[in-house]
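Report on one structure; see the data block that follows.
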Amino acid sequence: ECFAPNHPQKPDWGKRSVPMSGELWIEREDFMEAPTKGYFRLYPGNQVRLKYGFVVRCTGYQKEGDRVTEVHCEYLPETKSGTPGADAVKVKGNIHWVCAKSAYATDIRLYDRLFKVPNPGKATGNLLDDVNPHAKTVVRSYVEPSILEAKPEEVFQFERHGYFVADRKDSKPVQPVFNRAVTMKDSWARP
């Protein structure tokens with residue numbers, strides 16, 4: 001059992017329990033077979049801290065075709081976050097994770113710009129010609145158990161991905177649905 005703050009800058013908001021087991025899921029971009037310069041996440045032989053957890057060292061991986069399906073690691077038991085001596089092992093990277101045994105699948109709605117261009121309808125005279133076909137994308141994601149009790153319109157920061165709100169109509173107890181309200185970084189390229 002690990003503990004994560006409910007808000008990173010507000011310790012008075014308390015902590016929540018985050019279960020950990022021998023099988024964890026990480027984001028695909030947190031592992032690279034052959035890392036590029038400046039990449040500080042997982043790759044063979046490298047060590048990273050599991051956010052609010054332990055330091056792990058990558059010992060290998062498995063692939064199916066061109067796709068990495070498993071990353072094998074060993075954890076350093078003396079490095080549990082929040083315990084004396086946890087910072088004795090220095091690492092450059094931190095990654096997010098969820099316990100495979102206790103993770104729950106939920107729908108996450110990612111919204112992008114409604115239009116593909118800054119001035120919709122200007123070229124053709126019809127706004128509908130410039131509607132972004134990717135304005136709404138629904139992805140299946142896995143979340144920690146504490147989020148299952150999300151109340152409609154309750155807000156969360158999903159670290160590295162943005163700010164989300166539990167949908168007011170579609171969220172139900174133990175089956176929340178989340179809408180992204182704001183990304184962490186604006187990807188709109190200015191000319």
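Ligands are numbered from 1 in the order shown, residues from 1 within each chain, and chains are lettered A, B, ... in the order they appear in the structure tokens.
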- DSSP helix (DSSP H, G or I) residues within segment 13-104 of chain A, as a VMD selection string: chain A and resid 13 28 to 30 77 to 79 86 to 88
- Query: If you count only C-alpha atoms, which residues fall within 9 Å of Leu24 of chain A, apart from same-chain ones fewer than 5 positions away, as number ranges by chain?
  - Reply: A: 97-101
Those residues you just picked out, can you put them in a file as a PDB file, in the first residue's frame with C-alpha atoms?
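Saved as result-v5.pdb:
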ATOM      1  CA  TRP A  97       1.308   3.645 -12.644  1.00  0.00           C
ATOM      2  CA  VAL A  98      -1.789   1.775 -11.554  1.00  0.00           C
ATOM      3  CA  CYS A  99      -2.024  -1.623  -9.903  1.00  0.00           C
ATOM      4  CA  ALA A 100      -3.308  -4.109 -12.508  1.00  0.00           C
ATOM      5  CA  LYS A 101      -5.189  -6.128  -9.859  1.00  0.00           C
TER       6      LYS A 101
END
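Residue nearest Ser81 of chain A, chosen from A:Ala34, A:Asn132, A:Ala103, A:Cys2 and counting only C-alpha atoms: A:Cys2.
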- DSSP strand (DSSP E or B) residues within segment 13-121 of chain A, as a PyMOL selection string: chain A and resi 15-18+24-26+31+42+47-50+55-64+67-76+94-95+97-99+104-111+115
May I have the residues from that selection written out with N, CA and C atoms, as a short mmCIF file (atom, residue, chain, number, x, y, z; two decimals), in the first residue's frame?
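The resulting again_26.cif:
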data_model
loop_
_atom_site.label_atom_id
_atom_site.label_comp_id
_atom_site.auth_asym_id
_atom_site.auth_seq_id
_atom_site.Cartn_x
_atom_site.Cartn_y
_atom_site.Cartn_z
N LYS A 15 -4.31 12.35 2.34
CA LYS A 15 -3.74 11.38 1.40
C LYS A 15 -4.75 10.27 1.14
N ARG A 16 -4.51 9.56 0.05
CA ARG A 16 -5.34 8.41 -0.28
C ARG A 16 -4.44 7.19 -0.44
N SER A 17 -5.00 6.04 -0.19
CA SER A 17 -4.27 4.78 -0.33
C SER A 17 -4.26 4.38 -1.81
N VAL A 18 -3.09 3.94 -2.28
CA VAL A 18 -2.96 3.47 -3.65
C VAL A 18 -2.38 2.05 -3.57
N LEU A 24 1.96 -4.05 -12.49
CA LEU A 24 1.52 -2.66 -12.63
C LEU A 24 1.36 -2.33 -14.10
N TRP A 25 0.51 -1.36 -14.38
CA TRP A 25 0.39 -0.85 -15.74
C TRP A 25 0.95 0.56 -15.76
N ILE A 26 1.70 0.86 -16.81
CA ILE A 26 2.26 2.19 -17.00
C ILE A 26 1.83 2.71 -18.36
N PHE A 31 8.08 3.95 -21.48
CA PHE A 31 9.11 2.96 -21.76
C PHE A 31 9.61 3.12 -23.18
N LEU A 42 11.59 4.79 -18.22
CA LEU A 42 12.09 3.41 -18.22
C LEU A 42 12.71 3.00 -19.55
N GLN A 47 16.78 3.10 -13.96
CA GLN A 47 15.95 3.13 -12.77
C GLN A 47 15.08 4.38 -12.79
N VAL A 48 13.84 4.24 -12.33
CA VAL A 48 12.92 5.38 -12.18
C VAL A 48 12.15 5.18 -10.88
N ARG A 49 11.57 6.26 -10.41
CA ARG A 49 10.68 6.16 -9.25
C ARG A 49 9.25 6.01 -9.75
N LEU A 50 8.55 5.04 -9.20
CA LEU A 50 7.12 4.94 -9.40
C LEU A 50 6.51 6.02 -8.51
N VAL A 55 11.42 2.86 -6.13
CA VAL A 55 12.31 2.93 -7.28
C VAL A 55 12.35 1.54 -7.89
N VAL A 56 12.25 1.47 -9.22
CA VAL A 56 12.34 0.20 -9.94
C VAL A 56 13.45 0.28 -10.98
N ARG A 57 14.03 -0.88 -11.28
CA ARG A 57 15.08 -0.99 -12.30
C ARG A 57 14.56 -1.92 -13.39
N CYS A 58 14.63 -1.48 -14.64
CA CYS A 58 14.17 -2.28 -15.77
C CYS A 58 15.18 -3.40 -16.05
N THR A 59 14.69 -4.64 -16.01
CA THR A 59 15.56 -5.80 -16.23
C THR A 59 15.32 -6.46 -17.59
N GLY A 60 14.30 -6.03 -18.30
CA GLY A 60 14.01 -6.60 -19.61
C GLY A 60 12.61 -6.27 -20.06
N TYR A 61 12.22 -6.81 -21.20
CA TYR A 61 10.88 -6.56 -21.75
C TYR A 61 10.52 -7.65 -22.74
N GLN A 62 9.24 -7.73 -23.10
CA GLN A 62 8.76 -8.67 -24.09
C GLN A 62 8.00 -7.91 -25.17
N LYS A 63 8.03 -8.48 -26.37
CA LYS A 63 7.33 -7.87 -27.50
C LYS A 63 6.46 -8.91 -28.19
N GLU A 64 5.41 -8.41 -28.82
CA GLU A 64 4.61 -9.18 -29.76
C GLU A 64 4.67 -8.41 -31.05
N ARG A 67 5.37 -4.42 -31.10
CA ARG A 67 4.78 -3.77 -29.91
C ARG A 67 5.31 -4.36 -28.60
N VAL A 68 5.79 -3.50 -27.72
CA VAL A 68 6.22 -3.93 -26.39
C VAL A 68 4.96 -4.22 -25.58
N THR A 69 4.88 -5.43 -25.01
CA THR A 69 3.70 -5.84 -24.25
C THR A 69 3.97 -5.96 -22.76
N GLU A 70 5.22 -6.16 -22.38
CA GLU A 70 5.57 -6.27 -20.97
C GLU A 70 6.92 -5.62 -20.74
N VAL A 71 7.04 -4.99 -19.58
CA VAL A 71 8.32 -4.43 -19.14
C VAL A 71 8.60 -5.11 -17.79
N HIS A 72 9.77 -5.72 -17.69
CA HIS A 72 10.12 -6.44 -16.46
C HIS A 72 11.02 -5.56 -15.61
N CYS A 73 10.70 -5.49 -14.33
CA CYS A 73 11.46 -4.65 -13.40
C CYS A 73 11.63 -5.37 -12.08
N GLU A 74 12.61 -4.90 -11.33
CA GLU A 74 12.74 -5.30 -9.94
C GLU A 74 12.64 -4.02 -9.12
N TYR A 75 12.04 -4.12 -7.95
CA TYR A 75 11.89 -2.93 -7.12
C TYR A 75 12.91 -2.95 -6.01
N LEU A 76 13.28 -1.77 -5.53
CA LEU A 76 14.22 -1.63 -4.43
C LEU A 76 13.40 -1.36 -3.17
N ASN A 94 10.40 10.02 -12.95
CA ASN A 94 9.25 9.54 -12.18
C ASN A 94 8.19 9.13 -13.18
N ILE A 95 7.54 8.00 -12.96
CA ILE A 95 6.46 7.60 -13.86
C ILE A 95 5.21 7.27 -13.07
N TRP A 97 1.64 5.06 -12.56
CA TRP A 97 1.31 3.64 -12.64
C TRP A 97 -0.04 3.40 -11.98
N VAL A 98 -0.58 2.22 -12.24
CA VAL A 98 -1.79 1.78 -11.55
C VAL A 98 -1.63 0.27 -11.36
N CYS A 99 -2.09 -0.20 -10.24
CA CYS A 99 -2.02 -1.62 -9.90
C CYS A 99 -2.98 -2.38 -10.82
N TYR A 104 -9.58 -0.04 -12.40
CA TYR A 104 -10.92 -0.11 -12.97
C TYR A 104 -10.94 0.60 -14.31
N ALA A 105 -11.63 -0.01 -15.27
CA ALA A 105 -11.76 0.59 -16.60
C ALA A 105 -12.85 1.65 -16.57
N THR A 106 -12.60 2.75 -17.25
CA THR A 106 -13.60 3.81 -17.34
C THR A 106 -13.40 4.55 -18.66
N ASP A 107 -14.43 5.25 -19.09
CA ASP A 107 -14.34 6.04 -20.31
C ASP A 107 -13.82 7.44 -19.99
N ILE A 108 -12.90 7.89 -20.81
CA ILE A 108 -12.35 9.23 -20.70
C ILE A 108 -12.62 9.92 -22.03
N ARG A 109 -13.24 11.07 -21.97
CA ARG A 109 -13.55 11.84 -23.19
C ARG A 109 -12.52 12.95 -23.32
N LEU A 110 -11.81 12.92 -24.44
CA LEU A 110 -10.79 13.93 -24.71
C LEU A 110 -11.33 14.88 -25.77
N TYR A 111 -11.41 16.13 -25.42
CA TYR A 111 -11.94 17.12 -26.35
C TYR A 111 -10.80 17.93 -26.94
N PHE A 115 -12.97 23.31 -34.35
CA PHE A 115 -12.65 23.55 -35.76
C PHE A 115 -11.19 23.27 -36.05
#
- Near-segment 164-181 of chain A list (12 Å; only C-alpha atoms; drop same-chain fewer than 6 positions) as number ranges by chain: A: 103-113, 135-158
